[in-house]
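S.K.: Input file: start.cif. Contents: mmCIF, C-alpha atoms and all ligand atoms.
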```cif
data_model
#
loop_
_atom_site.label_atom_id
_atom_site.label_comp_id
_atom_site.auth_asym_id
_atom_site.auth_seq_id
_atom_site.Cartn_x
_atom_site.Cartn_y
_atom_site.Cartn_z
CA MET H 147 15.75 12.09 8.28
CA ASN H 148 14.10 11.89 11.71
CA ILE H 149 12.74 8.68 13.15
CA TYR H 150 9.87 9.11 15.61
CA ARG H 151 9.17 5.96 17.61
CA PHE H 152 6.00 5.38 19.61
CA ARG H 153 4.78 2.61 21.90
CA GLU H 154 1.27 3.74 21.14
CA ILE H 155 -0.20 6.53 19.03
CA ASP H 156 -3.51 7.26 17.32
CA SER H 157 -2.10 6.98 13.79
CA THR H 158 1.39 7.47 12.39
CA ASN H 159 -0.14 9.11 9.28
CA THR H 160 -2.03 11.63 11.41
CA PHE H 161 1.10 12.28 13.44
CA LEU H 162 3.28 13.07 10.40
CA LYS H 163 0.54 15.19 8.85
CA ASN H 164 0.64 17.44 11.90
CA VAL H 165 4.42 17.63 12.36
CA ARG H 166 5.36 21.27 11.91
CA GLU H 167 8.85 20.87 10.50
CA LYS H 168 8.60 18.22 7.86
CA LYS H 169 11.62 16.70 6.17
CA ASP H 170 11.88 14.31 3.26
CA TYR H 171 11.85 10.71 4.51
CA ASP H 172 11.05 11.49 8.14
CA VAL H 173 9.57 8.31 9.56
CA ALA H 174 7.05 7.58 12.31
CA ILE H 175 6.87 4.04 13.68
CA ALA H 176 4.37 2.74 16.22
CA GLU H 177 4.12 -0.54 18.09
CA LYS H 178 0.38 -0.04 18.33
CA GLN H 179 -2.15 2.44 16.88
CA THR H 180 -5.41 3.31 18.58
CA LEU H 181 -6.97 4.93 15.50
CA GLY H 182 -5.17 3.25 12.60
CA ARG H 183 -6.76 4.40 9.36
CA GLY H 184 -7.22 2.62 6.04
CA ARG H 185 -8.52 3.92 2.73
CA ARG H 186 -12.10 5.17 2.35
CA GLY H 187 -12.43 5.81 6.06
CA ASN H 188 -11.85 2.17 6.99
CA LYS H 189 -10.24 1.23 10.27
CA TRP H 190 -6.84 -0.48 10.19
CA SER H 191 -6.57 -2.87 13.09
CA SER H 192 -3.19 -2.19 14.72
CA GLU H 193 -2.48 -4.68 17.46
CA LYS H 194 1.01 -5.20 18.85
CA GLY H 195 3.33 -7.23 16.64
CA GLY H 196 2.45 -5.61 13.34
CA ALA H 197 4.53 -2.97 11.54
CA TYR H 198 2.74 0.39 11.45
CA PHE H 199 4.69 3.26 9.98
CA SER H 200 4.54 6.32 7.78
CA PHE H 201 7.15 8.36 5.98
CA LEU H 202 7.22 11.69 4.20
CA LEU H 203 7.97 12.34 0.55
CA LYS H 204 8.55 15.95 -0.38
CA GLU H 205 6.84 17.07 -3.57
CA LYS H 206 9.40 18.30 -6.08
CA GLU H 207 8.67 20.87 -8.76
CA GLU H 208 10.50 18.95 -11.47
CA ILE H 209 8.18 15.96 -11.01
CA SER H 210 4.82 16.39 -12.73
CA SER H 211 1.43 15.79 -11.13
CA GLU H 212 0.85 12.99 -13.71
CA GLU H 213 3.94 11.26 -12.35
CA TYR H 214 2.76 11.68 -8.77
CA ALA H 215 -0.67 10.29 -9.70
CA LYS H 216 0.89 6.84 -9.97
CA LEU H 217 2.61 7.11 -6.58
CA PRO H 218 0.29 4.61 -4.81
CA LEU H 219 1.06 2.04 -7.50
CA VAL H 220 4.79 2.65 -7.25
CA VAL H 221 4.65 2.28 -3.46
CA GLY H 222 2.71 -0.97 -3.93
CA TYR H 223 5.24 -2.22 -6.48
CA SER H 224 8.13 -1.43 -4.17
CA LEU H 225 6.51 -3.08 -1.16
CA LEU H 226 5.84 -6.21 -3.21
CA ARG H 227 9.51 -6.36 -4.23
CA THR H 228 10.60 -5.95 -0.61
CA PHE H 229 8.38 -8.84 0.50
CA GLU H 230 9.83 -10.96 -2.28
CA LYS H 231 13.33 -10.25 -0.95
CA ILE H 232 12.31 -11.20 2.58
CA GLU H 233 10.52 -14.42 1.67
CA ASN H 234 10.38 -16.44 -1.49
CA LEU H 235 6.58 -16.65 -1.61
CA ASP H 236 3.92 -15.92 -4.20
CA PHE H 237 2.84 -12.43 -3.11
CA LYS H 238 0.14 -10.75 -5.20
CA PHE H 239 -0.58 -7.14 -5.92
CA LYS H 240 -4.17 -6.04 -5.50
CA TRP H 241 -4.88 -2.80 -7.38
CA THR H 242 -4.47 -0.10 -6.25
CA ASN H 243 -1.93 -0.94 -3.61
CA ASP H 244 -2.56 -3.89 -1.34
CA ILE H 245 -0.36 -6.94 -0.98
CA TYR H 246 -2.07 -10.31 -0.77
CA ILE H 247 -0.94 -13.82 -0.13
CA ASN H 248 -3.06 -17.00 -0.04
CA ASN H 249 -6.09 -14.87 -0.95
CA LYS H 250 -5.69 -12.80 2.21
CA LYS H 251 -4.46 -9.30 2.86
CA LEU H 252 -0.95 -9.00 4.24
CA SER H 253 -0.37 -5.29 3.89
CA GLY H 254 -2.16 -2.05 3.05
CA ILE H 255 -1.04 1.42 2.02
CA LEU H 256 -2.59 4.80 2.67
CA VAL H 257 -1.14 7.73 0.72
CA GLU H 258 -2.26 11.17 1.84
CA LYS H 259 -1.07 14.69 1.20
CA ARG H 260 -0.53 17.72 3.39
CA GLU H 261 0.94 20.94 1.93
CA ASN H 262 3.83 19.87 -0.28
CA PHE H 263 4.39 16.50 1.38
CA TYR H 264 2.99 13.09 0.62
CA ILE H 265 2.45 10.94 3.71
CA ILE H 266 2.95 7.31 2.84
CA GLY H 267 1.49 5.06 5.50
CA ILE H 268 2.00 1.32 5.49
CA GLY H 269 0.55 -1.37 7.70
CA ILE H 270 2.07 -4.84 7.59
CA ASN H 271 0.69 -7.85 9.38
CA LEU H 272 4.10 -9.03 10.50
CA ASN H 273 4.36 -10.79 13.90
CA ASN H 274 0.79 -10.11 14.98
CA GLU H 275 -2.11 -12.47 15.36
CA ILE H 276 -5.06 -11.44 13.20
CA ASP H 277 -8.14 -10.16 15.06
CA GLU H 278 -11.01 -12.66 15.04
CA GLU H 279 -13.18 -10.26 12.98
CA PHE H 280 -10.53 -10.06 10.21
CA LYS H 281 -9.35 -13.69 10.17
CA GLU H 282 -11.27 -14.48 7.00
CA LYS H 283 -9.61 -11.63 5.15
CA GLY H 284 -6.22 -11.00 6.74
CA ILE H 285 -2.99 -12.91 7.25
CA SER H 286 0.34 -12.15 8.92
CA LEU H 287 3.81 -13.27 7.87
CA ARG H 288 4.27 -14.90 11.23
CA THR H 289 1.11 -17.01 11.04
CA LEU H 290 2.13 -17.98 7.51
CA ASN H 291 5.74 -18.79 8.21
CA LYS H 292 6.03 -19.39 11.97
CA LYS H 293 9.00 -17.03 12.07
CA TYR H 294 9.67 -13.85 14.01
CA TYR H 295 10.63 -10.76 12.00
CA ASP H 296 12.61 -7.77 13.24
CA ARG H 297 10.07 -4.99 12.85
CA GLU H 298 12.43 -2.06 12.47
CA GLU H 299 14.69 -3.93 10.09
CA VAL H 300 11.71 -4.69 7.84
CA ILE H 301 10.47 -1.08 8.01
CA LEU H 302 13.85 0.38 7.08
CA LYS H 303 14.18 -2.11 4.24
CA VAL H 304 10.77 -1.04 2.89
CA ILE H 305 11.76 2.63 2.98
CA ASN H 306 15.19 2.11 1.43
CA ASP H 307 13.73 -0.04 -1.33
CA PHE H 308 11.11 2.63 -1.99
CA LYS H 309 13.83 5.28 -2.39
CA GLU H 310 15.48 3.14 -5.06
CA ASN H 311 12.26 2.13 -6.77
CA PHE H 312 10.93 5.67 -6.87
CA LYS H 313 14.12 6.70 -8.63
CA TYR H 314 13.74 3.72 -10.99
CA TYR H 315 10.21 4.94 -11.78
CA LEU H 316 11.32 8.53 -12.39
CA ASP H 317 14.12 7.27 -14.61
CA GLY H 318 11.51 6.14 -17.13
CA ASN H 319 10.79 2.57 -16.07
CA TRP H 320 7.01 2.79 -15.60
CA GLY H 321 6.54 0.21 -18.39
CA GLN H 322 8.63 -2.37 -16.51
CA ILE H 323 6.89 -1.61 -13.23
CA LEU H 324 3.48 -1.98 -14.86
CA ASN H 325 4.40 -5.28 -16.50
CA TYR H 326 5.55 -6.61 -13.17
CA LEU H 327 2.39 -5.48 -11.39
CA ASN H 328 0.29 -7.11 -14.08
CA SER H 329 2.22 -10.36 -13.69
CA LYS H 330 1.18 -10.33 -10.00
CA ASN H 331 -2.32 -8.93 -10.52
CA TYR H 332 -4.54 -10.43 -7.84
CA LEU H 333 -7.78 -9.23 -9.40
CA PHE H 334 -7.17 -10.61 -12.87
CA GLY H 335 -10.00 -12.93 -13.91
CA LYS H 336 -11.84 -12.42 -10.63
CA LYS H 337 -15.51 -11.57 -10.43
CA ILE H 338 -15.83 -8.16 -8.88
CA LEU H 339 -18.54 -5.82 -7.85
CA ILE H 340 -17.87 -2.21 -8.66
CA ASP H 341 -19.50 0.41 -6.54
CA LEU H 342 -19.78 3.57 -8.61
CA ARG H 343 -21.28 6.71 -7.14
CA ASN H 344 -24.77 6.12 -8.56
CA SER H 345 -24.73 2.51 -9.61
CA LYS H 346 -23.24 -0.92 -9.07
CA GLU H 347 -21.76 -3.03 -11.84
CA GLU H 348 -20.51 -6.57 -11.96
CA GLY H 349 -17.56 -7.51 -14.07
CA ILE H 350 -14.37 -9.53 -14.46
CA GLY H 351 -11.06 -7.95 -13.45
CA GLN H 352 -8.56 -7.43 -16.26
CA GLU H 353 -5.17 -5.70 -16.37
CA ILE H 354 -3.91 -2.37 -15.09
CA ASP H 355 -3.46 -0.08 -18.08
CA LYS H 356 -0.57 2.25 -18.81
CA THR H 357 -2.27 5.21 -17.17
CA GLY H 358 -2.56 3.18 -13.94
CA GLU H 359 -6.29 2.66 -14.37
CA PHE H 360 -7.87 -0.72 -13.82
CA LEU H 361 -9.69 -2.45 -16.65
CA VAL H 362 -12.84 -4.40 -15.96
CA GLU H 363 -14.81 -6.40 -18.48
CA ILE H 364 -18.47 -5.58 -18.13
CA LYS H 365 -20.96 -7.25 -20.46
CA GLY H 366 -18.21 -8.08 -22.94
CA GLU H 367 -16.75 -4.59 -22.97
CA LYS H 368 -13.53 -3.44 -21.27
CA ARG H 369 -13.98 -0.28 -19.21
CA SER H 370 -11.31 1.54 -17.26
CA PHE H 371 -11.65 2.87 -13.75
CA SER H 372 -9.41 5.29 -11.98
CA ILE H 373 -8.03 5.24 -8.46
CA GLY H 374 -10.72 6.52 -6.16
CA GLU H 375 -13.49 6.16 -8.71
CA ILE H 376 -14.43 2.65 -7.80
CA HIS H 377 -14.75 0.56 -4.74
CA ILE H 378 -14.16 -3.10 -5.35
CA LYS H 379 -16.59 -4.86 -3.08
CA ARG H 380 -16.12 -8.50 -3.73
CA SER H 381 -13.29 -10.48 -5.20
C1 LIG B 1 -5.71 0.13 3.67
O1 LIG B 1 -5.50 -1.06 3.50
O2 LIG B 1 -6.84 0.63 3.49
C2 LIG B 1 -4.55 1.02 4.09
C3 LIG B 1 -4.04 0.69 5.46
C4 LIG B 1 -2.91 1.59 5.91
C5 LIG B 1 -2.54 1.39 7.36
C6 LIG B 1 -1.32 2.16 7.76
S1 LIG B 1 -0.71 1.66 9.35
C7 LIG B 1 0.39 3.02 9.40
C8 LIG B 1 -0.36 4.20 8.81
N1 LIG B 1 -1.13 4.87 9.83
C9 LIG B 1 -2.45 4.76 9.61
O3 LIG B 1 -3.34 5.25 10.35
N2 LIG B 1 -2.68 4.08 8.48
C10 LIG B 1 -1.45 3.66 7.84
#
```
Would you mind giving the structure from this file in structure tokens?
Ligand code: BTN
M.R.:
Amino acid sequence: MNIYRFREIDSTNTFLKNVREKKDYDVAIAEKQTLGRGRRGNKWSSEKGGAYFSFLLKEKEEISSEEYAKLPLVVGYSLLRTFEKIENLDFKFKWTNDIYINNKKLSGILVEKRENFYIIGIGINLNNEIDEEFKEKGISLRTLNKKYYDREEVILKVINDFKENFKYYLDGNWGQILNYLNSKNYLFGKKILIDLRNSKEEGIGQEIDKTGEFLVEIKGEKRSFSIGEIHIKRS
């Protein structure tokens, strides 16, 4: 496992994507990113003080594509458990893989793939102040708790916990993971606007089902939506 450390880089995900010799669990850590990326082409603000890192997960033949399809949820589950070990606070899981606290986003995950490697990128608002433009929506552990966190210690904890939790998942514990995620389901009962390719629908968030899809009640009927199919606009 290699650890690449940067004072400043465009994006740790982009960096690992382009590394020629990739190894399982290689990690890239940056103090600051100039082009931090979120899902759906969003920008991830990456000012100094936050934890911005990515690691590689080598695709293995014995693990099916159905199992890998739930990877973002498993990463989210693992990250939630790590936060709960660090602080005894009521963290919530926002499908598909964000961590929320006090109705604000604490951490986001971007899973990408290049050749036979998954690139798991995580941004945590740790010791940073939140940019004025994101203050309504984002929160950092420091602003919440007035404490200083050792960035690298937190990052290594997240990765080590993921190793264990990924094994737990592959050992047949998806049911337990799902139950836990549903017990921390941020979107449950919330009014949401779903942006489908050709239409918009309003509904009430329900549970995550056993395939990892998200159920939404629309006009009295529960419909399921897959990762990538919907964009939740309002919650
Ligand atoms: C999201 O909330 O949409 C996902 C945010 C993921 C941000 C992290 S920061 C480290 C890694 N490098 C990036 O460019 N993005 C991810």
S.K.: Would you compute the distance between CA of Glu233 in chain H and CA of Tyr171 in chain H? Give it in Å to one decimal.
M.R.: 25.3 Å
S.K.: Between H:Ile268, H:Ile209, H:Leu202, H:Ile247, which one has atoms that come closest to ligand LIG 1 (chain B), using all atoms listed in the file?
M.R.: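 For ligand LIG 1 (chain B), the nearest of the given residues is H:Ile268.
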S.K.: By how many Å are CA of Arg153 in chain H and CA of Phe201 in chain H apart?
M.R.: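 The value is 17.1 Å.
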S.K.: When distances are computed from only C-alpha atoms, which of H:Ile354, H:Ala174, H:Leu316, H:Ile255 shows the smallest separation from Arg186 in chain H?
M.R.: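 When distances to Arg186 in chain H are compared using only C-alpha atoms, the smallest one comes from H:Ile255.
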S.K.: Emit as JSON the padded axis-aligned box for all listed atoms of ligand LIG 1 (chain B), 8 Å per side, with centre and edge lengths in Å to one decimal.
M.R.:
```
{"center_x": -3.2, "center_y": 2.1, "center_z": 6.9, "size_x": 23.2, "size_y": 22.3, "size_z": 22.9}
```
S.K.: Here's a test: counting all atoms listed in the file, identify every protein, DNA and RNA residue with an atom at most 9 Å from (-8.5, 2.7, 0.5) in the file's coordinate frame, and state them as a PyMOL selection string.
M.R.: chain H and resi 184-188+242-243+254-257+374+377
S.K.: What residues of the protein or nucleic acid chains come within 8 Å of ligand LIG 1 (chain B) when you use all atoms listed in the file? Reply as a count of residues only.
M.R.: 33
S.K.: If you measure from CA of Arg297 in chain H to CA of Lys309 in chain H, what distance in Å do you get, rounded to one decimal?
M.R.: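 Interatomic distance, CA of Arg297 in chain H to CA of Lys309 in chain H: 18.8 Å.
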S.K.: Between H:Leu287, H:Ile323, H:Ile265, H:Ile340, which one has atoms that come closest to Lys250 in chain H, using only C-alpha atoms?
M.R.: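 Of all the options, H:Leu287 lies closest to Lys250 in chain H.
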S.K.: Go through H:Lys313, H:Lys251, H:Lys240, H:Lys346 one by one, measure the shortest atom-to-atom distance of each to Phe334 in chain H using all atoms listed in the file, and give the residue with the smallest value.
M.R.: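 Going through H:Lys313, H:Lys251, H:Lys240, H:Lys346 one by one, the smallest distance to Phe334 in chain H is for H:Lys240.
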S.K.: Identify which of the residues H:Asn273, H:Glu261, H:Gly335, H:Ile305 lies closest to Lys293 in chain H, counting all atoms listed in the file when measuring atom-to-atom distances.
M.R.: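 The shortest atom-to-atom distance to Lys293 in chain H comes from H:Asn273.
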S.K.: Using all atoms listed in the file, find the one residue out of H:Glu230, H:Asp170, H:Glu299, H:Glu363 that sits nearest to Glu205 in chain H.
M.R.: H:Asp170
S.K.: Tell me which protein, DNA and RNA residues are within 8 Å of Asn148 in chain H, counting only C-alpha atoms, leaving out same-chain ones fewer than 5 positions away, and put them as a PyMOL selection string.
M.R.: chain H and resi 169+171-173
S.K.: Output C-alpha atoms for every residue in the selection just made, as an mmCIF file, in the frame of the given file.
M.R.:
```cif
data_model
loop_
_atom_site.group_PDB
_atom_site.id
_atom_site.type_symbol
_atom_site.label_atom_id
_atom_site.label_comp_id
_atom_site.auth_asym_id
_atom_site.auth_seq_id
_atom_site.Cartn_x
_atom_site.Cartn_y
_atom_site.Cartn_z
ATOM 1 C CA LYS H 169 11.620 16.700 6.170
ATOM 2 C CA TYR H 171 11.850 10.710 4.510
ATOM 3 C CA ASP H 172 11.050 11.490 8.140
ATOM 4 C CA VAL H 173 9.570 8.310 9.560
#
```
S.K.: Show me, as a list of chain:residue names, the residues that have an atom within 8 Å of Val221 in chain H when counting only C-alpha atoms, minus same-chain residues fewer than 2 positions from it.
M.R.: H:Leu217, H:Pro218, H:Leu219, H:Tyr223, H:Ser224, H:Leu225, H:Asn243, H:Ile255, H:Phe308, H:Phe312
S.K.: Would you fill the gaps in range 218-240 of chain H so it has N, CA, C and O atoms, then print it as an mmCIF file, in the coordinates of the input?
M.R.:
```cif
data_model
loop_
_atom_site.group_PDB
_atom_site.id
_atom_site.type_symbol
_atom_site.label_atom_id
_atom_site.label_comp_id
_atom_site.auth_asym_id
_atom_site.auth_seq_id
_atom_site.Cartn_x
_atom_site.Cartn_y
_atom_site.Cartn_z
ATOM 1 N N PRO H 218 0.756 5.790 -5.570
ATOM 2 C CA PRO H 218 0.290 4.610 -4.810
ATOM 3 C C PRO H 218 0.682 3.288 -5.474
ATOM 4 O O PRO H 218 1.008 2.322 -4.786
ATOM 5 N N LEU H 219 0.673 3.270 -6.800
ATOM 6 C CA LEU H 219 1.060 2.040 -7.500
ATOM 7 C C LEU H 219 2.551 1.771 -7.357
ATOM 8 O O LEU H 219 2.974 0.617 -7.202
ATOM 9 N N VAL H 220 3.340 2.826 -7.385
ATOM 10 C CA VAL H 220 4.790 2.650 -7.250
ATOM 11 C C VAL H 220 5.129 2.190 -5.827
ATOM 12 O O VAL H 220 5.993 1.334 -5.638
ATOM 13 N N VAL H 221 4.422 2.733 -4.848
ATOM 14 C CA VAL H 221 4.650 2.280 -3.460
ATOM 15 C C VAL H 221 4.278 0.798 -3.359
ATOM 16 O O VAL H 221 5.014 -0.007 -2.779
ATOM 17 N N GLY H 222 3.152 0.424 -3.960
ATOM 18 C CA GLY H 222 2.710 -0.970 -3.930
ATOM 19 C C GLY H 222 3.724 -1.881 -4.612
ATOM 20 O O GLY H 222 4.054 -2.954 -4.094
ATOM 21 N N TYR H 223 4.224 -1.440 -5.747
ATOM 22 C CA TYR H 223 5.240 -2.220 -6.480
ATOM 23 C C TYR H 223 6.466 -2.451 -5.591
ATOM 24 O O TYR H 223 6.976 -3.564 -5.456
ATOM 25 N N SER H 224 6.914 -1.366 -4.969
ATOM 26 C CA SER H 224 8.130 -1.430 -4.170
ATOM 27 C C SER H 224 7.948 -2.363 -2.963
ATOM 28 O O SER H 224 8.808 -3.184 -2.659
ATOM 29 N N LEU H 225 6.794 -2.240 -2.329
ATOM 30 C CA LEU H 225 6.510 -3.080 -1.160
ATOM 31 C C LEU H 225 6.480 -4.565 -1.560
ATOM 32 O O LEU H 225 7.025 -5.425 -0.864
ATOM 33 N N LEU H 226 5.879 -4.835 -2.695
ATOM 34 C CA LEU H 226 5.840 -6.210 -3.210
ATOM 35 C C LEU H 226 7.251 -6.750 -3.404
ATOM 36 O O LEU H 226 7.565 -7.879 -2.999
ATOM 37 N N ARG H 227 8.131 -5.914 -3.996
ATOM 38 C CA ARG H 227 9.510 -6.360 -4.230
ATOM 39 C C ARG H 227 10.250 -6.591 -2.912
ATOM 40 O O ARG H 227 11.068 -7.490 -2.798
ATOM 41 N N THR H 228 9.956 -5.757 -1.914
ATOM 42 C CA THR H 228 10.600 -5.950 -0.610
ATOM 43 C C THR H 228 10.164 -7.282 0.000
ATOM 44 O O THR H 228 10.990 -8.053 0.473
ATOM 45 N N PHE H 229 8.857 -7.554 -0.045
ATOM 46 C CA PHE H 229 8.380 -8.840 0.500
ATOM 47 C C PHE H 229 9.047 -10.009 -0.217
ATOM 48 O O PHE H 229 9.396 -11.005 0.404
ATOM 49 N N GLU H 230 9.212 -9.868 -1.513
ATOM 50 C CA GLU H 230 9.830 -10.960 -2.280
ATOM 51 C C GLU H 230 11.287 -11.181 -1.894
ATOM 52 O O GLU H 230 11.799 -12.291 -2.021
ATOM 53 N N LYS H 231 11.936 -10.092 -1.417
ATOM 54 C CA LYS H 231 13.330 -10.250 -0.950
ATOM 55 C C LYS H 231 13.352 -10.934 0.411
ATOM 56 O O LYS H 231 14.273 -11.677 0.726
ATOM 57 N N ILE H 232 12.337 -10.639 1.218
ATOM 58 C CA ILE H 232 12.310 -11.200 2.580
ATOM 59 C C ILE H 232 11.947 -12.680 2.548
ATOM 60 O O ILE H 232 12.554 -13.491 3.237
ATOM 61 N N GLU H 233 10.951 -13.024 1.753
ATOM 62 C CA GLU H 233 10.520 -14.420 1.670
ATOM 63 C C GLU H 233 10.224 -14.796 0.229
ATOM 64 O O GLU H 233 9.606 -14.016 -0.497
ATOM 65 N N ASN H 234 10.616 -15.979 -0.134
ATOM 66 C CA ASN H 234 10.380 -16.440 -1.490
ATOM 67 C C ASN H 234 8.968 -17.061 -1.582
ATOM 68 O O ASN H 234 8.808 -18.269 -1.607
ATOM 69 N N LEU H 235 7.974 -16.187 -1.586
ATOM 70 C CA LEU H 235 6.580 -16.650 -1.610
ATOM 71 C C LEU H 235 5.835 -15.932 -2.731
ATOM 72 O O LEU H 235 6.299 -14.902 -3.235
ATOM 73 N N ASP H 236 4.659 -16.471 -3.058
ATOM 74 C CA ASP H 236 3.920 -15.920 -4.200
ATOM 75 C C ASP H 236 2.998 -14.766 -3.771
ATOM 76 O O ASP H 236 1.787 -14.916 -3.694
ATOM 77 N N PHE H 237 3.612 -13.610 -3.502
ATOM 78 C CA PHE H 237 2.840 -12.430 -3.110
ATOM 79 C C PHE H 237 2.106 -11.890 -4.335
ATOM 80 O O PHE H 237 2.626 -11.947 -5.448
ATOM 81 N N LYS H 238 0.921 -11.343 -4.102
ATOM 82 C CA LYS H 238 0.140 -10.750 -5.200
ATOM 83 C C LYS H 238 -0.111 -9.282 -4.926
ATOM 84 O O LYS H 238 -0.166 -8.846 -3.768
ATOM 85 N N PHE H 239 -0.298 -8.567 -6.023
ATOM 86 C CA PHE H 239 -0.580 -7.140 -5.920
ATOM 87 C C PHE H 239 -2.054 -6.922 -6.212
ATOM 88 O O PHE H 239 -2.546 -7.299 -7.279
ATOM 89 N N LYS H 240 -2.757 -6.323 -5.257
ATOM 90 C CA LYS H 240 -4.170 -6.040 -5.500
ATOM 91 C C LYS H 240 -4.328 -4.547 -5.769
ATOM 92 O O LYS H 240 -4.081 -3.730 -4.865
#
```
